[in-house]
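Visitor: Contents of structure.tsv (TSV, C-alpha atoms (C1' of nucleotides)) are given next:
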chain	number	residue	atom	x	y	z
A	1	MET	CA	0.00	0.00	0.00
A	2	ALA	CA	2.99	2.24	-0.52
A	3	LYS	CA	2.04	5.61	-1.89
A	4	ARG	CA	2.64	5.77	-5.59
A	5	ASN	CA	5.44	8.09	-6.62
A	6	PHE	CA	4.71	10.82	-9.07
A	7	SER	CA	6.07	10.60	-12.56
A	8	SER	CA	8.68	13.14	-13.58
A	9	LYS	CA	6.20	15.01	-15.74
A	10	ARG	CA	3.66	15.18	-12.97
A	11	ASN	CA	6.28	16.41	-10.54
A	12	ALA	CA	7.42	19.11	-12.93
A	13	ILE	CA	3.86	20.29	-13.51
A	14	TYR	CA	3.07	20.40	-9.82
A	15	LYS	CA	6.31	22.21	-9.06
A	16	ALA	CA	5.56	24.80	-11.73
A	17	VAL	CA	2.21	25.47	-10.08
A	18	CYS	CA	3.76	25.72	-6.62
A	19	ASP	CA	6.59	27.96	-7.75
A	20	THR	CA	4.46	30.73	-9.23
A	21	LYS	CA	2.19	33.35	-7.76
A	22	THR	CA	0.32	33.76	-11.05
A	23	HIS	CA	-2.46	31.27	-10.27
A	24	PRO	CA	-1.82	29.80	-13.68
A	25	GLY	CA	-4.00	28.12	-16.26
A	26	ALA	CA	-3.11	25.01	-18.22
A	27	ARG	CA	-1.64	26.96	-21.12
A	28	TRP	CA	0.64	29.00	-18.87
A	29	ILE	CA	2.05	25.84	-17.31
A	30	TYR	CA	2.56	24.27	-20.70
A	31	ASP	CA	4.32	27.31	-22.12
A	32	LYS	CA	6.49	27.54	-19.01
A	33	LEU	CA	7.67	23.92	-19.12
A	34	LYS	CA	7.79	23.26	-22.86
A	35	PRO	CA	11.26	24.79	-23.47
A	36	GLU	CA	12.94	22.62	-20.86
A	37	MET	CA	10.71	19.63	-21.59
A	38	PRO	CA	10.12	19.55	-25.35
A	39	ASP	CA	8.18	16.30	-25.34
A	40	LEU	CA	5.52	17.62	-22.99
A	41	SER	CA	1.97	17.44	-24.28
A	42	LEU	CA	-0.73	19.93	-23.39
A	43	ALA	CA	-3.02	16.97	-22.75
A	44	THR	CA	-0.66	15.84	-20.02
A	45	VAL	CA	-0.95	19.20	-18.32
A	46	TYR	CA	-4.73	18.98	-18.36
A	47	ARG	CA	-4.68	15.36	-17.22
A	48	ASN	CA	-2.46	16.15	-14.26
A	49	ILE	CA	-4.42	19.22	-13.26
A	50	ALA	CA	-7.43	16.89	-13.11
A	51	VAL	CA	-5.47	14.58	-10.83
A	52	PHE	CA	-4.40	17.45	-8.61
A	53	LYS	CA	-8.01	18.54	-8.28
A	54	GLU	CA	-9.14	15.06	-7.30
A	55	GLU	CA	-6.38	14.82	-4.73
A	56	ASN	CA	-7.18	18.29	-3.41
A	57	MET	CA	-3.67	19.41	-4.21
A	58	VAL	CA	-5.03	22.44	-6.06
A	59	ASN	CA	-8.20	24.49	-6.13
A	60	VAL	CA	-9.74	26.27	-9.06
A	61	VAL	CA	-10.01	29.82	-7.80
A	62	CYS	CA	-11.78	31.36	-10.77
A	63	SER	CA	-12.16	31.36	-14.54
A	64	VAL	CA	-10.70	34.24	-16.51
A	65	ASN	CA	-11.72	34.58	-20.14
A	66	GLY	CA	-12.99	31.02	-20.04
A	67	GLU	CA	-9.77	29.60	-18.65
A	68	GLU	CA	-9.59	27.95	-15.22
A	69	ARG	CA	-6.96	29.34	-12.90
A	70	ILE	CA	-5.57	27.15	-10.16
A	71	ASP	CA	-3.82	27.58	-6.82
A	72	SER	CA	-1.63	25.07	-5.01
A	73	ASN	CA	-2.30	26.85	-1.73
A	74	THR	CA	-5.48	25.10	-0.65
A	75	THR	CA	-5.86	26.91	2.64
A	76	ALA	CA	-8.74	29.36	2.56
A	77	HIS	CA	-7.65	32.80	1.43
A	78	PRO	CA	-9.25	35.45	-0.76
A	79	HIS	CA	-8.26	36.28	-4.32
A	80	PHE	CA	-8.44	39.31	-6.53
A	81	VAL	CA	-8.97	39.13	-10.28
A	82	CYS	CA	-8.16	42.13	-12.41
A	83	SER	CA	-10.86	42.80	-14.96
A	84	CYS	CA	-8.31	44.65	-17.07
A	85	CYS	CA	-5.29	42.32	-17.40
A	86	GLY	CA	-6.86	39.11	-16.12
A	87	GLY	CA	-4.23	38.73	-13.42
A	88	VAL	CA	-5.17	36.73	-10.32
A	89	TYR	CA	-3.64	37.72	-7.00
A	90	ASP	CA	-3.63	36.71	-3.38
A	91	ILE	CA	-4.86	39.64	-1.38
A	92	ASN	CA	-5.05	40.80	2.20
A	93	THR	CA	-8.18	42.35	3.60
A	94	ASN	CA	-9.48	43.33	7.00
A	95	ASP	CA	-12.13	40.67	6.66
A	96	ASN	CA	-11.25	37.42	8.36
A	97	ALA	CA	-14.40	35.62	7.38
A	98	HIS	CA	-12.71	33.97	4.43
A	99	ASN	CA	-10.77	31.87	6.91
A	100	CYS	CA	-13.90	30.50	8.46
A	101	GLN	CA	-14.72	27.15	6.91
A	102	THR	CA	-17.49	26.25	9.29
A	103	GLU	CA	-20.28	28.70	8.77
A	104	ILE	CA	-23.68	27.27	9.41
A	105	LEU	CA	-25.32	27.00	6.04
A	106	ASP	CA	-28.94	26.50	5.09
A	107	LYS	CA	-30.31	23.23	6.29
A	108	GLY	CA	-29.01	20.39	4.20
A	109	PHE	CA	-26.27	22.23	2.35
A	110	ARG	CA	-22.91	20.69	3.17
A	111	ALA	CA	-20.01	22.87	2.09
A	112	ASP	CA	-16.46	21.62	1.98
A	113	LYS	CA	-14.87	24.65	0.38
A	114	LYS	CA	-15.34	28.38	0.42
A	115	PHE	CA	-13.98	30.87	-2.07
A	116	VAL	CA	-13.85	34.64	-1.76
A	117	LEU	CA	-13.13	36.52	-4.94
A	118	TYR	CA	-12.81	40.25	-5.54
A	119	HIS	CA	-13.14	41.80	-8.98
A	120	GLY	CA	-11.54	45.11	-9.82
A	121	ILE	CA	-8.44	46.83	-11.14
A	122	CYS	CA	-4.98	45.78	-9.99
A	123	PRO	CA	-2.28	48.31	-9.07
A	124	LYS	CA	-0.37	47.83	-12.30
A	125	CYS	CA	-3.39	48.45	-14.51
A	126	SER	CA	-4.41	51.39	-12.35
A	127	SER	CA	-1.08	53.07	-12.94
A	128	THR	CA	-0.73	52.31	-16.63
A	129	ASP	CA	-4.25	53.18	-17.71
A	130	CYS	CA	-4.66	49.70	-19.07
A	131	THR	CA	-7.27	49.51	-21.79
A	132	ASN	CA	-7.49	45.77	-22.33
B	1	MET	CA	-31.07	61.50	-24.71
B	2	ALA	CA	-34.05	59.29	-24.03
B	3	LYS	CA	-33.05	55.88	-22.80
B	4	ARG	CA	-33.30	53.33	-25.55
B	5	ASN	CA	-35.98	50.74	-24.99
B	6	PHE	CA	-35.04	47.13	-24.98
B	7	SER	CA	-35.97	45.00	-27.92
B	8	SER	CA	-38.56	42.32	-27.34
B	9	LYS	CA	-35.94	39.59	-27.51
B	10	ARG	CA	-33.74	41.36	-25.01
B	11	ASN	CA	-36.67	41.87	-22.68
B	12	ALA	CA	-37.64	38.23	-22.90
B	13	ILE	CA	-34.11	37.08	-22.17
B	14	TYR	CA	-33.75	39.39	-19.21
B	15	LYS	CA	-37.13	38.37	-17.85
B	16	ALA	CA	-36.19	34.70	-18.13
B	17	VAL	CA	-33.08	35.38	-16.05
B	18	CYS	CA	-35.02	37.34	-13.46
B	19	ASP	CA	-37.80	34.79	-13.21
B	20	THR	CA	-35.66	31.81	-12.30
B	21	LYS	CA	-33.68	30.82	-9.24
B	22	THR	CA	-31.46	28.48	-11.24
B	23	HIS	CA	-28.68	30.98	-11.93
B	24	PRO	CA	-28.87	29.91	-15.53
B	25	GLY	CA	-26.34	29.64	-18.32
B	26	ALA	CA	-26.88	30.72	-21.90
B	27	ARG	CA	-28.08	27.31	-23.03
B	28	TRP	CA	-30.67	27.09	-20.28
B	29	ILE	CA	-32.12	30.46	-21.28
B	30	TYR	CA	-32.17	29.48	-24.93
B	31	ASP	CA	-33.91	26.15	-24.25
B	32	LYS	CA	-36.40	27.90	-22.01
B	33	LEU	CA	-37.41	30.55	-24.55
B	34	LYS	CA	-37.07	28.66	-27.82
B	35	PRO	CA	-40.51	26.95	-27.71
B	36	GLU	CA	-42.39	30.22	-27.33
B	37	MET	CA	-39.95	32.14	-29.53
B	38	PRO	CA	-38.96	29.82	-32.37
B	39	ASP	CA	-36.86	32.37	-34.23
B	40	LEU	CA	-34.56	32.99	-31.26
B	41	SER	CA	-30.90	32.46	-31.96
B	42	LEU	CA	-28.41	31.23	-29.39
B	43	ALA	CA	-26.09	34.01	-30.53
B	44	THR	CA	-28.69	36.53	-29.45
B	45	VAL	CA	-28.75	35.04	-25.98
B	46	TYR	CA	-24.98	35.35	-25.71
B	47	ARG	CA	-25.02	38.84	-27.18
B	48	ASN	CA	-27.56	40.03	-24.67
B	49	ILE	CA	-25.87	38.41	-21.73
B	50	ALA	CA	-22.80	40.42	-22.73
B	51	VAL	CA	-24.91	43.57	-22.72
B	52	PHE	CA	-26.36	42.74	-19.31
B	53	LYS	CA	-22.84	42.27	-17.94
B	54	GLU	CA	-21.67	45.61	-19.29
B	55	GLU	CA	-24.71	47.33	-17.83
B	56	ASN	CA	-24.23	45.55	-14.50
B	57	MET	CA	-27.66	44.04	-14.81
B	58	VAL	CA	-26.24	40.60	-14.11
B	59	ASN	CA	-23.17	39.10	-12.47
B	60	VAL	CA	-21.38	35.92	-13.39
B	61	VAL	CA	-21.41	34.02	-10.12
B	62	CYS	CA	-19.37	31.00	-11.19
B	63	SER	CA	-18.58	28.62	-14.01
B	64	VAL	CA	-19.94	25.07	-13.81
B	65	ASN	CA	-18.53	22.54	-16.23
B	66	GLY	CA	-17.12	25.35	-18.30
B	67	GLU	CA	-20.41	27.22	-18.52
B	68	GLU	CA	-20.90	30.66	-17.03
B	69	ARG	CA	-23.84	30.98	-14.67
B	70	ILE	CA	-25.44	34.36	-14.14
B	71	ASP	CA	-27.57	36.10	-11.54
B	72	SER	CA	-29.83	39.09	-12.04
B	73	ASN	CA	-29.63	39.89	-8.32
B	74	THR	CA	-26.52	42.04	-8.26
B	75	THR	CA	-26.61	42.80	-4.56
B	76	ALA	CA	-23.84	40.98	-2.72
B	77	HIS	CA	-24.93	37.58	-1.48
B	78	PRO	CA	-23.21	34.21	-1.26
B	79	HIS	CA	-23.81	31.25	-3.54
B	80	PHE	CA	-23.51	27.53	-3.24
B	81	VAL	CA	-22.55	25.28	-6.14
B	82	CYS	CA	-23.24	21.57	-5.90
B	83	SER	CA	-20.28	19.53	-7.10
B	84	CYS	CA	-22.65	16.67	-7.80
B	85	CYS	CA	-25.50	18.09	-9.91
B	86	GLY	CA	-23.96	21.44	-10.80
B	87	GLY	CA	-26.87	23.37	-9.31
B	88	VAL	CA	-26.22	26.92	-8.15
B	89	TYR	CA	-28.16	28.23	-5.17
B	90	ASP	CA	-28.54	31.33	-3.09
B	91	ILE	CA	-27.68	30.44	0.46
B	92	ASN	CA	-27.95	31.85	3.94
B	93	THR	CA	-25.06	31.73	6.37
B	94	ASN	CA	-24.19	33.20	9.74
B	95	ASP	CA	-21.40	35.15	8.05
B	96	ASN	CA	-22.34	38.69	7.16
B	97	ALA	CA	-19.01	39.58	5.63
B	98	HIS	CA	-20.28	38.88	2.16
B	99	ASN	CA	-22.40	41.97	2.46
B	100	CYS	CA	-19.44	44.17	3.16
B	101	GLN	CA	-18.30	45.80	-0.05
B	102	THR	CA	-15.78	48.13	1.49
B	103	GLU	CA	-13.05	46.02	2.95
B	104	ILE	CA	-9.68	47.64	2.92
B	105	LEU	CA	-7.66	45.75	0.37
B	106	ASP	CA	-3.94	45.68	-0.27
B	107	LYS	CA	-2.58	49.01	-1.32
B	108	GLY	CA	-3.51	49.76	-4.88
B	109	PHE	CA	-6.12	47.06	-5.39
B	110	ARG	CA	-9.47	48.63	-6.14
B	111	ALA	CA	-12.31	46.15	-5.89
B	112	ASP	CA	-15.77	46.88	-7.21
B	113	LYS	CA	-17.30	43.48	-6.65
B	114	LYS	CA	-17.01	40.67	-4.18
B	115	PHE	CA	-18.15	37.10	-4.62
B	116	VAL	CA	-18.50	34.41	-2.00
B	117	LEU	CA	-18.91	30.89	-3.28
B	118	TYR	CA	-19.33	27.65	-1.39
B	119	HIS	CA	-18.68	24.26	-2.94
B	120	GLY	CA	-20.30	21.13	-1.63
B	121	ILE	CA	-23.28	18.81	-1.89
B	122	CYS	CA	-26.80	20.21	-2.09
B	123	PRO	CA	-29.70	18.74	-0.07
B	124	LYS	CA	-31.21	16.94	-3.03
B	125	CYS	CA	-27.98	15.20	-3.97
B	126	SER	CA	-27.33	14.37	-0.33
B	127	SER	CA	-30.61	12.56	-0.07
B	128	THR	CA	-30.51	10.75	-3.39
B	129	ASP	CA	-26.92	9.52	-3.26
B	130	CYS	CA	-26.23	11.33	-6.50
B	131	THR	CA	-23.32	9.84	-8.39
B	132	ASN	CA	-22.88	12.36	-11.18
C	1	DT	C1'	-46.41	58.48	-42.54
C	2	DA	C1'	-41.92	57.99	-45.10
C	3	DT	C1'	-37.14	57.75	-44.56
C	4	DC	C1'	-32.76	56.70	-43.02
C	5	DA	C1'	-29.07	55.43	-39.83
C	6	DA	C1'	-28.14	52.80	-35.80
C	7	DA	C1'	-29.00	48.80	-33.37
C	8	DA	C1'	-30.40	44.12	-33.11
C	9	DT	C1'	-30.97	39.78	-35.06
C	10	DG	C1'	-30.51	34.75	-37.30
C	11	DA	C1'	-27.66	31.73	-39.30
C	12	DT	C1'	-23.52	29.94	-39.21
C	13	DA	C1'	-18.47	29.87	-39.34
C	14	DA	C1'	-14.52	30.41	-36.40
C	15	DT	C1'	-12.17	30.23	-32.14
C	16	DT	C1'	-10.66	28.25	-28.03
C	17	DA	C1'	-10.60	25.61	-23.69
C	18	DT	C1'	-11.13	21.07	-22.43
C	19	DT	C1'	-11.82	16.07	-22.89
C	20	DA	C1'	-11.58	11.60	-25.23
C	21	DT	C1'	-9.13	8.24	-27.98
C	22	DT	C1'	-5.46	5.39	-29.36
C	23	DG	C1'	-1.19	3.46	-29.71
C	24	DT	C1'	3.28	3.80	-27.27
C	25	DT	C1'	6.38	4.41	-23.35
C	26	DT	C1'	7.32	4.51	-18.50
C	27	DT	C1'	6.62	2.98	-13.95
C	28	DT	C1'	5.52	-0.30	-10.50
C	29	DA	C1'	5.54	-4.41	-7.91
C	30	DA	C1'	6.59	-8.93	-7.85
D	1	DT	C1'	13.39	-9.57	-15.68
D	2	DT	C1'	8.78	-9.11	-16.55
D	3	DA	C1'	3.95	-8.37	-16.97
D	4	DA	C1'	0.27	-5.30	-15.66
D	5	DA	C1'	-0.97	-0.73	-14.58
D	6	DA	C1'	-0.27	3.94	-15.13
D	7	DA	C1'	1.17	7.77	-17.70
D	8	DC	C1'	2.24	9.61	-21.86
D	9	DA	C1'	2.22	12.20	-26.86
D	10	DA	C1'	-0.32	13.17	-30.58
D	11	DT	C1'	-4.32	14.37	-32.19
D	12	DA	C1'	-9.30	14.08	-32.95
D	13	DA	C1'	-13.60	15.36	-30.84
D	14	DT	C1'	-16.56	18.18	-27.99
D	15	DA	C1'	-18.66	22.17	-26.40
D	16	DA	C1'	-18.87	27.01	-24.86
D	17	DT	C1'	-18.27	31.33	-26.69
D	18	DT	C1'	-17.31	34.86	-30.14
D	19	DA	C1'	-17.09	36.82	-34.81
D	20	DT	C1'	-19.03	37.59	-39.35
D	21	DC	C1'	-22.35	39.17	-42.43
D	22	DA	C1'	-26.54	39.79	-44.67
D	23	DT	C1'	-31.13	41.03	-43.18
D	24	DT	C1'	-34.62	42.99	-40.17
D	25	DT	C1'	-36.17	46.00	-36.63
D	26	DT	C1'	-36.14	50.17	-34.20
D	27	DG	C1'	-36.46	55.08	-33.22
D	28	DA	C1'	-35.84	59.75	-34.34
D	29	DT	C1'	-36.97	63.08	-37.46
D	30	DA	C1'	-38.48	65.18	-41.57
Once you've parsed the file, please lay out its structure as C-alpha cells.
Guide:
Amino acid sequence: MAKRNFSSKRNAIYKAVCDTKTHPGARWIYDKLKPEMPDLSLATVYRNIAVFKEENMVNVVCSVNGEERIDSNTTAHPHFVCSCCGGVYDINTNDNAHNCQTEILDKGFRADKKFVLYHGICPKCSSTDCTN
Amino acid sequence: MAKRNFSSKRNAIYKAVCDTKTHPGARWIYDKLKPEMPDLSLATVYRNIAVFKEENMVNVVCSVNGEERIDSNTTAHPHFVCSCCGGVYDINTNDNAHNCQTEILDKGFRADKKFVLYHGICPKCSSTDCTN
DNA sequence: TATCAAAATGATAATTATTATTGTTTTTAA
DNA sequence: TTAAAAACAATAATAATTATCATTTTGATA
C-alpha cells in the first residue's frame, strides 16, 4: 500500500504550479515547461491538473476569459482578479471571514470549500491606464 | 437623450433570467425561450448576456462545467454550487461579511465586486446519493 | 407616414478551452 | 526480468463562446 510516486512530468507540472504566484491556467504551465521539456503534451498538463483537483492538491479559484486558474495553496484565502489584465492575485483584507470554513449553512447544504473573490483593477493596470 | 428601450428579444431574455432561481447559463435560457420564440438564436442570448454584464444588470457568479452561470440579483450575497449536480443556489449563512463591499484591500487594489462561493453537496444530492 | 441610420438579429463559421481516444512508453511491484 | 498498470504524446472530438455578415427591426426626425 505504498504511496505511488509521481512521474517526472507530474512532478514538474506540480512544481511549476507551486513555484508561481500567477495562479496559472493550463496553457501558462505548458508554455512555461515546454522549453525545458520539449516532449511535454498539453493533454498531459490537463490530465495532471485533473489529478491534482481530485487529490485536493489544487483548487480552481476562478475562470478568466474562459480559462480555469488554479492555486496550489489550498488553505482558505481570498483572491483578486483584475478585470483589465486578467491577473489573479492573493490579497489581504481586514475581513477574516474567508478563513472561516465552518459557517452554518442553510439546512441540508454541506459545504467543503469556500472561495472569496474580488473583482476590480490591480495596481499595475491602475497606474498604466490599461485599456485591455 | 431618451433611454433606448429594450428589444422584445432582449426583454424576454432578461425576464427569463429574473424569473428563475437556477442561476442559468446561456443554453438554459435558450432552451427555455425557444418553444415560445422559435426564431430565437443562441447568438442573441450570448449577445444580450454580454450587454447585461456591461450594464451591471447581471453578475457571473461562477462557471460550472465550463459554462458561465449568471444572476440578475446584483446585490452581494453568497452562492452555493453543488459539485454533484452542478446546481447553483442562493444560500444563507451566519457570516455577514459577504455583504461588506468596502473592505480595505492591499494598497492599490481597487475592488468593485465581491463574490463568496461555497462548494459542496446540495440537499437533493445528499438525499438521493447522487453519483454524477 | 416615409425615410434613413443605428441597433439588433438569425444563421452559421470560427475560435478556443477542455476532454476523449489510441497506440506507445514509462513505472511499479513482484 | 517481466507483466500489468499507469502515464504519456499526438491528435481528434466536444462544447462554450465569439465573430461575421446579410437582413430585419427600431427610433428619431423630416
Visitor: Record the distance separating CA of Leu117 in chain B and CA of Leu42 in chain A, expressed in Å with one decimal.
Guide: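 Going from CA of Leu117 in chain B over to CA of Leu42 in chain A covers 29.2 Å.
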Visitor: What residues in chain A lie within 10 Å of chain D, counting only C-alpha atoms (C1' of nucleotides), written as a compact mmCIF listing (two decimals) with C-alpha atoms, in the frame of the given file?
Guide:
# COMPACT_ATOMS: atom_id res chain seq x y z
CA PHE A 6 4.71 10.82 -9.07
CA SER A 7 6.07 10.60 -12.56
CA LYS A 9 6.20 15.01 -15.74
CA ARG A 10 3.66 15.18 -12.97
CA ASP A 39 8.18 16.30 -25.34
CA LEU A 40 5.52 17.62 -22.99
CA SER A 41 1.97 17.44 -24.28
CA LEU A 42 -0.73 19.93 -23.39
CA ALA A 43 -3.02 16.97 -22.75
CA THR A 44 -0.66 15.84 -20.02
CA ARG A 47 -4.68 15.36 -17.22
CA ASN A 48 -2.46 16.15 -14.26
CA ASN A 65 -11.72 34.58 -20.14
CA GLY A 66 -12.99 31.02 -20.04
Visitor: Please, which residues of chain C lie no more than 10 Å from chain B when the count uses all atoms listed in the file, and can they be set out as number ranges by chain?
Guide: C: 7-12, 17-18
Visitor: Considering all atoms listed in the file, state which residue in the set A:Val64, A:Ile70, A:Met37, A:Ala26 is at the smallest distance from chain B.
Guide: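 Comparing A:Val64, A:Ile70, A:Met37, A:Ala26 against chain B, the winner is A:Val64.
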Visitor: Excluding Ile91 in chain A and residues on its chain fewer than 4 positions from it, collect all residues at most 7 Å away from it, counting all atoms listed in the file, and give them as a PyMOL selection string.
Guide: (chain A and resi 78-80) or (chain B and resi 105-106)
Visitor: Suppose you want the space between CA of Ser83 in chain A and CA of Ile13 in chain B; what is it in Å?
Guide: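 Spanning CA of Ser83 in chain A to CA of Ile13 in chain B is a straight-line distance of 25.0 Å.
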Visitor: Using only C-alpha atoms, find the residues of chain B whose closest atom to chain A is at most 8 Å away, then write them as JSON, numbers by chain.
Guide: {"B": [62, 63, 66, 80, 91, 92, 93, 94, 95, 97, 103, 104, 105, 106, 107, 108, 109, 110, 111, 112, 113, 114, 115, 116, 117, 118, 119, 120, 121, 122, 123, 126]}
Visitor: Measuring between only C-alpha atoms (C1' of nucleotides), which one of A:Ser8, A:Cys18, A:Lys32, A:Gly86 shows the shortest distance to DT27 in chain C?
Guide: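 Checking each candidate against DT27 in chain C, we get A:Ser8 as the closest.
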Visitor: Report, in Å with one decimal, the straight-line distance from CA of Pro38 in chain A to CA of Val88 in chain A.
Guide: 27.5 Å
Visitor: Residues proximal to (-29.9, 32.7, -9.9) were defined as those with any atom within 10 Å of that point in the file's coordinates, counting all atoms listed in the file. Which are they, as a list in words?
Guide: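 The answer, in the requested form, is Val17, Cys18, Asp19, Thr20, Lys21, Thr22, His23, Pro24, Gly25, Val58, Asn59, Val60, Val61, Arg69, Ile70, Asp71, Ser72, Asn73, His79, Gly87, Val88, Tyr89 and Asp90 of chain B.
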